[in-house]
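Undergrad: So I've got this file, data-v9.cif, and it contains mmCIF, C-alpha atoms:
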data_work
#
loop_
_atom_site.label_atom_id
_atom_site.label_comp_id
_atom_site.auth_asym_id
_atom_site.auth_seq_id
_atom_site.Cartn_x
_atom_site.Cartn_y
_atom_site.Cartn_z
CA MET A 258 35.99 -14.19 88.65
CA LYS A 259 37.83 -11.58 90.49
CA THR A 260 39.09 -8.47 88.89
CA THR A 261 41.97 -6.48 90.22
CA GLY A 262 42.62 -3.45 88.22
CA ASN A 263 42.87 -4.35 84.56
CA THR A 264 43.62 -8.06 84.97
CA MET A 265 41.11 -10.87 85.51
CA GLN A 266 42.03 -13.74 87.77
CA ARG A 267 40.33 -17.07 88.04
CA GLY A 268 38.89 -17.76 91.42
CA SER A 269 36.88 -20.65 92.82
CA ASP A 270 33.66 -19.63 91.05
CA ARG A 271 34.02 -20.78 87.45
CA GLY A 272 31.34 -21.59 84.81
CA GLN A 273 30.24 -25.03 83.59
CA THR A 274 32.66 -26.72 81.25
CA THR A 275 31.95 -29.18 78.44
CA GLN A 276 33.21 -32.04 80.58
CA ASP A 277 30.85 -31.10 83.42
CA PHE A 278 27.92 -31.07 81.00
CA ALA A 279 28.89 -34.45 79.48
CA VAL A 280 29.16 -36.12 82.90
CA GLY A 281 25.88 -34.59 84.10
CA ILE A 282 23.87 -35.56 81.04
CA SER A 283 25.37 -39.08 81.10
CA VAL A 284 24.28 -39.59 84.71
CA PHE A 285 20.82 -38.23 83.86
CA LEU A 286 20.40 -40.54 80.85
CA LEU A 287 21.59 -43.58 82.80
CA THR A 288 19.11 -42.78 85.57
CA VAL A 289 16.22 -42.38 83.13
CA GLY A 290 17.21 -45.58 81.29
CA PHE A 291 17.44 -47.55 84.51
CA THR A 292 14.05 -46.21 85.68
CA PHE A 293 12.29 -47.17 82.44
CA GLY A 294 14.05 -50.53 82.41
CA PHE A 295 13.29 -51.42 86.01
CA LEU A 296 9.82 -49.89 86.49
CA PRO A 297 7.89 -52.39 84.27
CA THR A 298 9.29 -55.35 86.22
CA LEU A 299 8.34 -53.61 89.44
CA LEU A 300 4.72 -53.25 88.29
CA SER A 301 4.37 -56.64 86.55
CA PRO A 302 2.79 -58.45 89.52
CA PHE A 303 -0.14 -56.05 89.20
CA GLY A 304 -0.61 -56.62 85.46
CA SER A 305 -3.23 -58.89 83.96
CA PRO A 306 -2.07 -62.45 83.26
CA VAL A 307 -4.80 -62.73 80.62
CA GLY A 308 -4.04 -61.58 77.11
CA ASP A 309 -6.12 -59.18 75.09
CA ASP A 310 -7.06 -61.95 72.66
CA ILE A 311 -8.79 -63.95 75.40
CA THR A 312 -10.57 -60.84 76.67
CA ALA A 313 -11.80 -60.14 73.13
CA LYS A 314 -13.13 -63.70 72.86
CA SER A 315 -15.04 -63.32 76.12
CA ASP A 316 -16.56 -60.03 74.93
CA ARG A 317 -17.47 -61.57 71.57
CA VAL A 318 -19.23 -64.53 73.22
CA ALA A 319 -21.26 -62.20 75.48
CA GLY A 320 -22.22 -60.06 72.51
CA THR A 321 -23.21 -63.12 70.48
CA MET A 322 -25.42 -64.38 73.32
CA ILE A 323 -27.23 -61.05 73.59
CA ASN A 324 -27.58 -60.80 69.81
CA ASP A 325 -28.74 -64.40 69.22
CA PHE A 326 -31.26 -64.61 72.05
CA GLY A 327 -32.33 -60.97 72.31
CA VAL A 328 -35.99 -60.00 72.36
CA ASP A 329 -36.85 -57.50 69.61
CA GLY A 330 -37.47 -54.00 70.93
CA GLU A 331 -36.21 -54.83 74.42
CA PRO A 332 -32.49 -54.13 74.79
CA ARG A 333 -30.43 -56.66 76.72
CA THR A 334 -33.41 -58.93 77.28
CA LEU A 335 -32.94 -62.61 76.42
CA ASN A 336 -35.78 -64.82 75.24
CA ALA A 337 -36.17 -67.53 77.89
CA THR A 338 -37.65 -70.10 75.49
CA GLN A 339 -34.83 -69.69 72.95
CA LEU A 340 -32.22 -69.80 75.71
CA GLU A 341 -33.64 -73.00 77.19
CA THR A 342 -33.87 -74.62 73.75
CA TRP A 343 -30.27 -73.65 73.01
CA LEU A 344 -28.98 -75.01 76.34
CA ASN A 345 -30.73 -78.35 75.71
CA ALA A 346 -29.89 -78.57 71.98
CA ASP A 347 -27.75 -81.39 70.63
CA PHE A 348 -26.15 -79.90 67.53
CA ASP A 349 -23.77 -82.76 66.73
CA GLY A 350 -26.23 -85.60 67.46
CA ASP A 351 -24.12 -87.32 70.13
CA GLY A 352 -26.94 -87.23 72.70
CA THR A 353 -25.24 -84.62 74.90
CA PRO A 354 -27.00 -81.27 75.34
CA LEU A 355 -24.98 -78.16 74.54
CA ARG A 356 -24.81 -77.11 78.19
CA ASN A 357 -22.73 -80.23 78.92
CA ASP A 358 -20.72 -80.39 75.67
CA GLU A 359 -17.86 -77.91 75.68
CA ASP A 360 -16.71 -78.96 72.20
CA GLU A 361 -20.10 -77.97 70.75
CA LEU A 362 -20.05 -74.75 72.74
CA ARG A 363 -16.60 -73.82 71.37
CA GLU A 364 -17.77 -74.64 67.85
CA TYR A 365 -20.94 -72.57 68.25
CA PHE A 366 -18.94 -69.49 69.24
CA GLY A 367 -16.04 -70.16 66.85
CA LEU A 368 -13.38 -70.66 69.53
CA ARG A 369 -10.24 -72.76 69.23
CA ALA A 370 -10.24 -76.29 70.56
CA SER A 371 -7.74 -75.27 73.26
CA ALA A 372 -10.06 -72.63 74.75
CA ASP A 373 -12.13 -73.37 77.82
CA ILE A 374 -15.43 -71.55 78.17
CA ASN A 375 -18.22 -71.12 80.68
CA VAL A 376 -21.43 -69.15 80.06
CA THR A 377 -23.69 -68.59 83.07
CA VAL A 378 -26.80 -66.53 83.69
CA MET A 379 -27.02 -65.49 87.33
CA ASN A 380 -30.23 -64.29 89.01
CA VAL A 381 -29.70 -61.24 91.22
CA SER A 382 -32.27 -60.79 93.99
CA GLU A 383 -33.34 -57.51 95.59
CA GLY A 384 -30.66 -57.87 98.27
CA GLY A 385 -27.93 -58.33 95.65
CA ILE A 386 -27.55 -62.05 96.30
CA ARG A 387 -26.59 -64.00 93.17
CA SER A 388 -27.81 -67.48 92.41
CA MET A 389 -27.94 -69.64 89.30
CA ALA A 390 -30.84 -68.64 87.06
CA VAL A 391 -33.21 -71.44 86.12
CA VAL A 392 -34.80 -71.17 82.68
CA GLY A 393 -37.76 -73.53 82.46
CA SER A 394 -36.34 -76.55 84.24
CA THR A 395 -32.73 -76.00 83.12
CA ASP A 396 -29.90 -74.33 85.01
CA ALA A 397 -28.74 -71.45 82.81
CA THR A 398 -25.11 -72.50 82.51
CA ALA A 399 -23.07 -74.12 79.78
CA GLY A 400 -19.49 -75.22 79.38
CA ASP A 401 -16.69 -76.29 81.63
CA ASP A 402 -16.72 -75.53 85.34
CA TYR A 403 -14.37 -72.64 85.99
CA ARG A 404 -11.42 -73.55 88.17
CA SER A 405 -10.38 -70.35 89.92
CA GLN A 406 -6.67 -71.25 89.83
CA THR A 407 -6.55 -70.51 86.10
CA PRO A 408 -6.49 -66.86 84.98
CA ALA A 409 -9.60 -66.18 82.90
CA ALA A 410 -11.07 -63.33 80.95
CA SER A 411 -14.48 -62.57 82.35
CA THR A 412 -17.19 -60.47 80.75
CA THR A 413 -20.28 -59.53 82.73
CA ARG A 414 -23.40 -57.99 81.23
CA VAL A 415 -26.51 -56.90 83.13
CA ILE A 416 -29.50 -58.41 81.36
CA LEU A 417 -33.10 -59.48 81.81
CA VAL A 418 -34.58 -62.82 80.78
CA SER A 419 -38.18 -62.90 79.58
CA GLY A 420 -40.75 -64.93 81.46
CA GLY A 421 -39.99 -63.63 84.94
CA VAL A 422 -36.76 -65.58 85.36
CA CYS A 423 -34.98 -62.66 87.01
CA ASP A 424 -35.97 -61.34 90.45
CA ALA A 425 -34.49 -57.84 90.17
CA GLN A 426 -32.12 -58.44 87.27
CA CYS A 427 -29.91 -61.12 85.79
CA VAL A 428 -26.23 -61.07 84.98
CA LEU A 429 -24.65 -62.85 82.02
CA VAL A 430 -21.16 -64.02 82.98
CA VAL A 431 -18.84 -65.35 80.28
CA ARG A 432 -15.44 -66.76 81.23
CA VAL A 433 -12.83 -67.85 78.71
CA TRP A 434 -9.50 -69.32 79.77
#
Would it be possible to restate this file's structure as structure tokens?

TA:
Amino acid sequence: MKTTGNTMQRGSDRGQTTQDFAVGISVFLLTVGFTFGFLPTLLSPFGSPVGDDITAKSDRVAGTMINDFGVDGEPRTLNATQLETWLNADFDGDGTPLRNDEDELREYFGLRASADINVTVMNVSEGGIRSMAVVGSTDATAGDDYRSQTPAASTTRVILVSGGVCDAQCVLVVRVW
């Protein structure tokens, strides 16, 4: 504002009016709304296609394996004899061992009939090379073969298996899809 003597005249430098504020805050809110509305779709290709429920099932199966076949006083060590007996067990009497009967495996872990599951114990050598662990004369795997096209929840636990099954260590891998 310019002052000349006792009178004040309006010049080009005026203060913010209510209309200016309303327009500015409206543009700001629209920008924020658009950003929050558009940003999740921008990041969705990087999100997990597997739900939390399937991840929880995978974790529960791994925990059950460690709990059911654990050696007392040795954390995360599975009893090789119990593991081999379990893999070769025929709980429903149909002549098919558990390692080849996914229905029995789902029932053992309390999973729905629509769930696919694979439980595998991998032997890790000194060089970090993974191979299928062999417990007694049985490959330490049970369930359906995992088809990598299907998104799966995978839980991995570093373990040992009694009886010298593991070279450096073993890894329990549970996949549910």

Undergrad: List as a compact mmCIF listing (two decimals) with C-alpha atoms, keeping the file's coordinate frame the protein and nucleic acid residues near Glu361 in chain A, meaning an atom at most 9 Å away when only C-alpha atoms are counted, but skip any in the same chain fewer than 6 places from it.

TA:
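Wrote part.txt, looks like this:
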# COMPACT_ATOMS: atom_id res chain seq x y z
CA ASP A 347 -27.75 -81.39 70.63
CA PHE A 348 -26.15 -79.90 67.53
CA ASP A 349 -23.77 -82.76 66.73
CA PRO A 354 -27.00 -81.27 75.34
CA LEU A 355 -24.98 -78.16 74.54

Undergrad: Pick out the closest residue to Gly421 in chain A from this set: A:Gly400, A:Gly294, A:Pro408, A:Gly393. Count only C-alpha atoms.

TA: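 Ranking A:Gly400, A:Gly294, A:Pro408, A:Gly393 by distance to Gly421 in chain A, first place goes to A:Gly393.
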
Undergrad: Need to verify the contact set: Ile311 in chain A, 7 Å, all atoms listed in the file, exclusion of same-chain residues closer than 4 positions in sequence. Can you return it as JSON, numbers by chain?

TA: {"A": [307, 315, 410, 433, 434]}

Undergrad: For Gln426 in chain A, which residue among A:Asn357, A:Ser388, A:Gln273, A:Thr338 is the nearest when counting all atoms listed in the file?

TA: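 Using all atoms listed in the file, Gln426 in chain A sits closest to A:Ser388.
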
Undergrad: Out of A:Asp424, A:Thr274, A:Phe285, A:Arg432, which residue has the shortest atom-to-atom distance to Gly384 in chain A when counting all atoms listed in the file?

TA: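 Looking only at the distances to Gly384 in chain A, the closest residue turns out to be A:Asp424.
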
Undergrad: What gap, in Å, lies between CA of Thr334 in chain A and CA of Arg414 in chain A?

TA: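 Atom-to-atom, CA of Thr334 in chain A and CA of Arg414 in chain A are spaced 10.8 Å apart.
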
Undergrad: Can you report as JSON the centre and edge lengths in Å, to one decimal, of an axis-aligned box around the listed atoms of range 352-355 of chain A padded with 4 Å on each side?

TA:
{"center_x": -26.0, "center_y": -82.7, "center_z": 74.0, "size_x": 10.0, "size_y": 17.1, "size_z": 10.6}
